[in-house]
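Source file model_24.txt; content: compact mmCIF, C-alpha atoms.
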```txt
# COMPACT_ATOMS: atom_id res chain seq x y z
CA MET A 40 -17.15 -21.50 -7.35
CA LEU A 41 -20.27 -20.16 -8.99
CA ILE A 42 -20.02 -20.29 -12.77
CA ILE A 43 -22.40 -18.18 -14.87
CA THR A 44 -22.60 -17.82 -18.63
CA ARG A 45 -23.07 -14.22 -19.84
CA LYS A 46 -23.08 -12.47 -23.21
CA PRO A 47 -21.51 -9.11 -23.98
CA GLY A 48 -23.67 -6.38 -22.50
CA GLU A 49 -25.01 -8.67 -19.78
CA LYS A 50 -24.19 -8.05 -16.14
CA ILE A 51 -23.75 -9.74 -12.82
CA MET A 52 -24.63 -8.16 -9.49
CA LEU A 53 -22.49 -8.79 -6.41
CA GLY A 54 -24.84 -7.74 -3.67
CA ASP A 55 -26.68 -4.49 -4.33
CA ASP A 56 -23.71 -2.27 -5.05
CA VAL A 57 -21.27 -4.03 -7.34
CA THR A 58 -21.95 -4.54 -11.03
CA VAL A 59 -19.75 -6.66 -13.27
CA GLU A 60 -20.43 -6.30 -16.99
CA VAL A 61 -19.03 -8.28 -19.88
CA ILE A 62 -18.11 -5.54 -22.34
CA GLU A 63 -16.52 -7.44 -25.19
CA VAL A 64 -15.23 -10.89 -26.03
CA SER A 65 -12.38 -11.03 -28.51
CA GLY A 66 -10.45 -14.23 -29.08
CA SER A 67 -9.17 -15.39 -25.71
CA SER A 68 -9.66 -11.97 -24.05
CA VAL A 69 -12.69 -10.70 -22.22
CA ARG A 70 -13.16 -7.02 -21.41
CA ILE A 71 -14.97 -6.57 -18.15
CA GLY A 72 -16.45 -3.43 -16.65
CA ILE A 73 -16.78 -3.17 -12.90
CA ALA A 74 -18.82 -0.56 -11.10
CA ALA A 75 -18.19 -0.64 -7.36
CA PRO A 76 -18.42 1.84 -4.50
CA ARG A 77 -15.31 3.96 -4.05
CA SER A 78 -14.61 2.25 -0.76
CA LEU A 79 -14.18 -1.11 -2.48
CA PRO A 80 -10.79 -1.44 -4.14
CA VAL A 81 -10.68 -3.42 -7.38
CA TYR A 82 -7.45 -5.19 -8.37
CA ARG A 83 -6.19 -7.43 -11.10
CA GLU A 84 -5.60 -10.63 -9.15
CA GLU A 85 -1.93 -11.06 -10.06
CA ILE A 86 -1.15 -7.51 -8.93
CA TRP A 87 -3.13 -7.96 -5.73
CA ALA A 88 -1.20 -11.18 -5.01
CA ALA A 89 2.17 -9.53 -5.72
CA VAL A 90 1.38 -6.55 -3.47
CA LYS A 91 0.10 -8.81 -0.72
CA GLU A 92 3.35 -10.75 -0.88
CA GLU A 93 5.45 -7.57 -0.74
CA ASN A 94 3.46 -6.24 2.23
CA ALA A 95 3.98 -9.49 4.09
CA ALA A 96 7.67 -9.44 3.19
CA ALA A 97 7.97 -5.84 4.39
CA ALA A 98 6.39 -6.79 7.70
CA ALA A 99 8.76 -9.75 7.95
CA SER A 100 11.74 -7.48 7.20
CA ALA A 101 10.92 -5.18 10.07
CA ASP A 102 13.75 -6.44 12.25
CA ALA A 103 16.32 -5.69 9.58
CA VAL A 104 15.59 -1.98 9.50
CA PRO A 105 16.83 0.53 12.07
CA PRO A 106 13.95 1.31 14.45
CA PRO A 107 12.57 4.80 15.00
CA ALA A 108 14.08 6.69 17.88
CA GLU A 109 10.89 7.22 19.83
CA PRO A 110 10.72 7.01 23.59
CA GLY A 111 10.65 3.36 24.51
CA ALA A 112 12.07 2.34 21.17
CA GLY A 113 15.09 0.14 21.00
CA GLY A 114 16.75 -2.46 18.86
CA GLU A 115 17.24 -6.07 19.83
CA MET B 224 -2.36 7.85 22.61
CA VAL B 225 -0.05 5.13 23.86
CA LEU B 226 0.70 2.48 21.29
CA THR B 227 2.04 -0.95 22.07
CA SER B 228 4.55 -2.43 19.68
CA SER B 229 6.32 -5.73 20.11
CA ARG B 230 9.41 -4.08 18.62
CA PHE B 231 9.38 -0.63 20.10
CA GLY B 232 7.62 -1.19 23.39
CA SER B 233 5.11 1.41 24.54
CA ILE B 234 5.25 4.62 22.56
CA ASP B 235 3.30 7.76 23.19
CA VAL B 236 2.09 8.69 19.73
CA PRO B 237 0.71 12.12 18.86
CA ASP B 238 -2.69 12.11 17.17
CA GLU B 239 -1.16 13.56 14.00
CA ALA B 240 0.84 10.37 13.53
CA ILE B 241 -2.24 8.14 13.38
CA VAL B 242 -3.41 7.12 9.93
CA GLU B 243 -6.69 5.42 9.16
CA PHE B 244 -6.68 3.10 6.13
CA PRO B 245 -10.35 2.60 5.19
CA SER B 246 -9.43 -0.34 2.96
CA GLY B 247 -6.46 -1.52 5.02
CA LEU B 248 -3.17 -2.50 3.46
CA VAL B 249 -3.39 -5.19 0.82
CA GLY B 250 -3.52 -8.61 2.46
CA LEU B 251 -2.87 -7.33 5.97
CA GLY B 252 -5.38 -7.01 8.76
CA GLY B 253 -6.26 -3.86 10.63
CA SER B 254 -7.01 -0.38 9.43
CA ARG B 255 -5.25 1.91 11.89
CA TYR B 256 -1.53 2.54 11.82
CA ALA B 257 0.85 5.06 13.32
CA LEU B 258 3.52 6.60 11.13
CA LEU B 259 6.66 6.63 13.23
CA ALA B 260 9.57 8.74 12.17
CA ARG B 261 13.05 9.15 13.39
CA GLU B 262 14.78 12.47 13.03
CA GLU B 263 14.51 14.14 9.64
CA ALA B 264 17.74 12.62 8.40
CA GLN B 265 16.44 9.10 8.81
CA SER B 266 15.38 7.49 5.53
CA PHE B 267 13.28 4.73 7.00
CA LEU B 268 9.93 5.32 8.66
CA TRP B 269 7.51 2.82 10.10
CA LEU B 270 3.86 2.05 9.78
CA GLN B 271 3.08 0.38 13.08
CA SER B 272 -0.32 -1.27 13.34
CA LEU B 273 -2.45 -0.08 16.24
CA ASP B 274 -4.45 -3.29 16.05
CA ASP B 275 -1.57 -5.76 16.01
CA PRO B 276 1.54 -5.03 18.11
CA ASP B 277 3.55 -7.47 15.97
CA LEU B 278 2.74 -5.78 12.68
CA ALA B 279 5.02 -3.01 11.46
CA LEU B 280 6.14 -2.15 7.95
CA PRO B 281 9.21 -0.11 7.10
CA VAL B 282 8.52 2.57 4.50
CA VAL B 283 10.52 5.25 2.70
CA ASN B 284 9.83 8.34 0.68
CA PRO B 285 10.29 6.99 -2.86
CA TRP B 286 11.79 10.21 -4.23
CA GLU B 287 14.69 9.98 -1.85
CA PHE B 288 15.85 6.82 -3.63
CA PHE B 289 14.13 7.12 -6.99
CA PRO B 290 14.17 10.78 -8.04
CA GLU B 291 12.45 9.88 -11.32
CA TYR B 292 9.57 8.09 -9.61
CA GLU B 293 6.16 8.80 -11.09
CA LEU B 294 2.73 7.89 -9.82
CA GLU B 295 -0.16 7.42 -12.20
CA LEU B 296 -3.59 6.74 -10.76
CA THR B 297 -6.78 5.32 -12.19
CA GLN B 298 -9.67 7.76 -12.34
CA GLN B 299 -11.37 5.74 -9.61
CA ASP B 300 -8.41 6.09 -7.25
CA ALA B 301 -8.07 9.77 -8.07
CA ASP B 302 -11.72 10.16 -7.12
CA ARG B 303 -11.12 8.34 -3.85
CA LEU B 304 -8.37 10.76 -2.96
CA GLY B 305 -10.67 13.63 -3.78
CA ALA B 306 -9.25 17.06 -4.23
CA ALA B 307 -6.18 16.25 -2.19
CA ARG B 308 -4.14 19.27 -1.24
CA PRO B 309 -0.48 18.65 -1.95
CA ASP B 310 0.60 20.15 1.37
CA HIS B 311 -1.54 17.59 3.19
CA THR B 312 -0.50 14.65 1.08
CA SER B 313 2.50 12.42 1.57
CA LEU B 314 3.68 9.35 -0.26
CA TYR B 315 5.57 6.30 0.94
CA VAL B 316 6.53 2.92 -0.42
CA THR B 317 7.02 -0.28 1.56
CA VAL B 318 10.50 -1.67 1.92
CA ARG B 319 11.56 -5.26 2.32
CA ARG B 320 14.78 -7.14 2.69
CA SER B 321 15.78 -8.86 -0.53
CA ASP B 322 15.10 -12.56 -0.18
CA ASP B 323 17.96 -13.36 -2.50
CA ASP B 324 20.95 -13.74 -0.20
CA ALA B 325 23.29 -12.91 -3.05
CA THR B 326 21.93 -9.39 -3.27
CA GLU B 327 22.36 -7.70 0.06
CA GLY B 328 20.00 -4.95 0.93
CA PHE B 329 16.46 -3.85 0.43
CA SER B 330 13.93 -3.32 -2.29
CA ALA B 331 10.97 -0.98 -2.48
CA ASN B 332 7.52 -1.65 -3.90
CA LEU B 333 7.01 1.12 -6.43
CA ARG B 334 3.91 -0.56 -7.83
CA ALA B 335 1.75 -0.08 -4.72
CA PRO B 336 2.61 3.19 -2.97
CA ILE B 337 0.89 4.39 0.17
CA VAL B 338 -0.74 7.79 -0.17
CA ILE B 339 -1.63 9.61 3.02
CA VAL B 340 -4.03 12.53 2.78
CA GLY B 341 -4.38 14.24 6.11
CA SER B 342 -5.03 11.31 8.45
CA ILE B 343 -6.43 8.93 5.83
CA GLY B 344 -4.25 6.47 3.97
CA TYR B 345 -4.64 4.36 0.87
CA GLN B 346 -2.44 1.76 -0.72
CA LEU B 347 -2.97 2.32 -4.42
CA ILE B 348 -1.84 0.58 -7.58
CA ASN B 349 0.49 2.71 -9.66
CA GLN B 350 -0.57 2.52 -13.31
CA ALA B 351 2.76 3.79 -14.62
CA ASP B 352 4.38 1.29 -16.97
CA ASP B 353 7.71 1.18 -15.21
CA ALA B 354 6.79 0.62 -11.58
CA PRO B 355 8.40 -2.58 -10.32
CA VAL B 356 7.20 -4.41 -7.23
CA ARG B 357 10.83 -4.86 -6.20
CA ALA B 358 13.08 -1.95 -7.02
CA PRO B 359 16.49 -2.36 -5.39
CA LEU B 360 17.33 0.44 -2.94
CA ALA B 361 20.73 1.79 -3.74
CA ALA B 362 22.79 1.52 -0.57
```
Rewrite the structure of this file - the entire thing - as structure tokens.
Amino acid sequence: MLIITRKPGEKIMLGDDVTVEVIEVSGSSVRIGIAAPRSLPVYREEIWAAVKEENAAAAASADAVPPPAEPGAGGE
Amino acid sequence: MVLTSSRFGSIDVPDEAIVEFPSGLVGLGGSRYALLAREEAQSFLWLQSLDDPDLALPVVNPWEFFPEYELELTQQDADRLGAARPDHTSLYVTVRRSDDDATEGFSANLRAPIVIVGSIGYQLINQADDAPVRAPLAA
């Protein structure tokens, strides 16, 4: 992992399009500003991990749910 | 187009059912899915991946189970959706089987709904305070 020391107001570039700025440091909290293209979703990591887990669990639950009645569809 | 699903076999899917997710679904591969519905009365729908025959996620309309459900978006996500016309926008949440054997049934992820505008879909993070990742579906 790359580790960089920055002061409030200083920024980091990820490639040409993503800017990460340290806005404020207060006690054990850091406020960060992120400017990224619309096409690049930005998540808090713990939420991203939780959603990833739920998506995987949904995919794994597929056999428990009644299938759609399309031509060629059928349960086990 | 004809879609191949390991669960449903070969299905002829109308173009209107195909949804492109520019950013995919969180943690899952592929960007193109087909939204498969049963008859109107059916609560569960499916997002079947067009890229992976084994990948399909059951989804429901959240308001059918959670009439009070509210979706709050960040400004950035609202901008991504653009000036979405309500008549072209639909909303779904993923459903999973509860992994706790003691509680039979399913839960829905109200934190990360799937918004479909026309033929483009996004899985977005709901900023509303009370939006659990696992909300039990009342049977």
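From CA of Ile43 in chain A back to CA of Asp55 in chain A, the distance works out to 17.8 Å.
Near Leu259 in chain B, within 7 Å and counting all atoms listed in the file, sit Pro107 of chain A; Ala240, Leu268, Trp269 and Leu270 of chain B, not including residues fewer than 5 positions from it in the same chain.
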### Task
Mind checking which residues fall within 12 Å of Ser272 in chain B, counting only C-alpha atoms, ignoring those fewer than 3 positions away in the same chain, and posting them as a count of residues only?
31
### Message
Using only C-alpha atoms and a distance of at most 6 Å, pull out the residues of chain B that contact chain A, as a PyMOL selection string.
### Response
chain B and resi 231-234+249-250+260-261+279-280+318-320
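Between CA of Val282 in chain B and CA of Phe267 in chain B the separation is 5.8 Å.
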### Query
Hey, can you check how far CA of Glu84 in chain A sits from CA of Ile337 in chain B?
18.8 Å
## Note on the structure
Counting all atoms listed in the file, the residue among B:Ala358, B:Val283, B:Ile343, B:Ile348 that lies closest to Gln265 in chain B is B:Val283
Padding 5 Å on each side, edges along x, y and z: where is the centre of the box around the listed atoms of range 350-356 of chain B, and how long are its edges in Å to one decimal? Output it as JSON.
```
{"center_x": 3.9, "center_y": -0.3, "center_z": -12.1, "size_x": 19.0, "size_y": 18.2, "size_z": 19.7}
```
### Task
Could you give me, as a list in words, the residues within 7 Å of Ile73 in chain A, counting only C-alpha atoms and dropping anything in the same chain fewer than 2 positions from it?
Thr58, Val59, Glu60, Ile71 and Ala75 of chain A
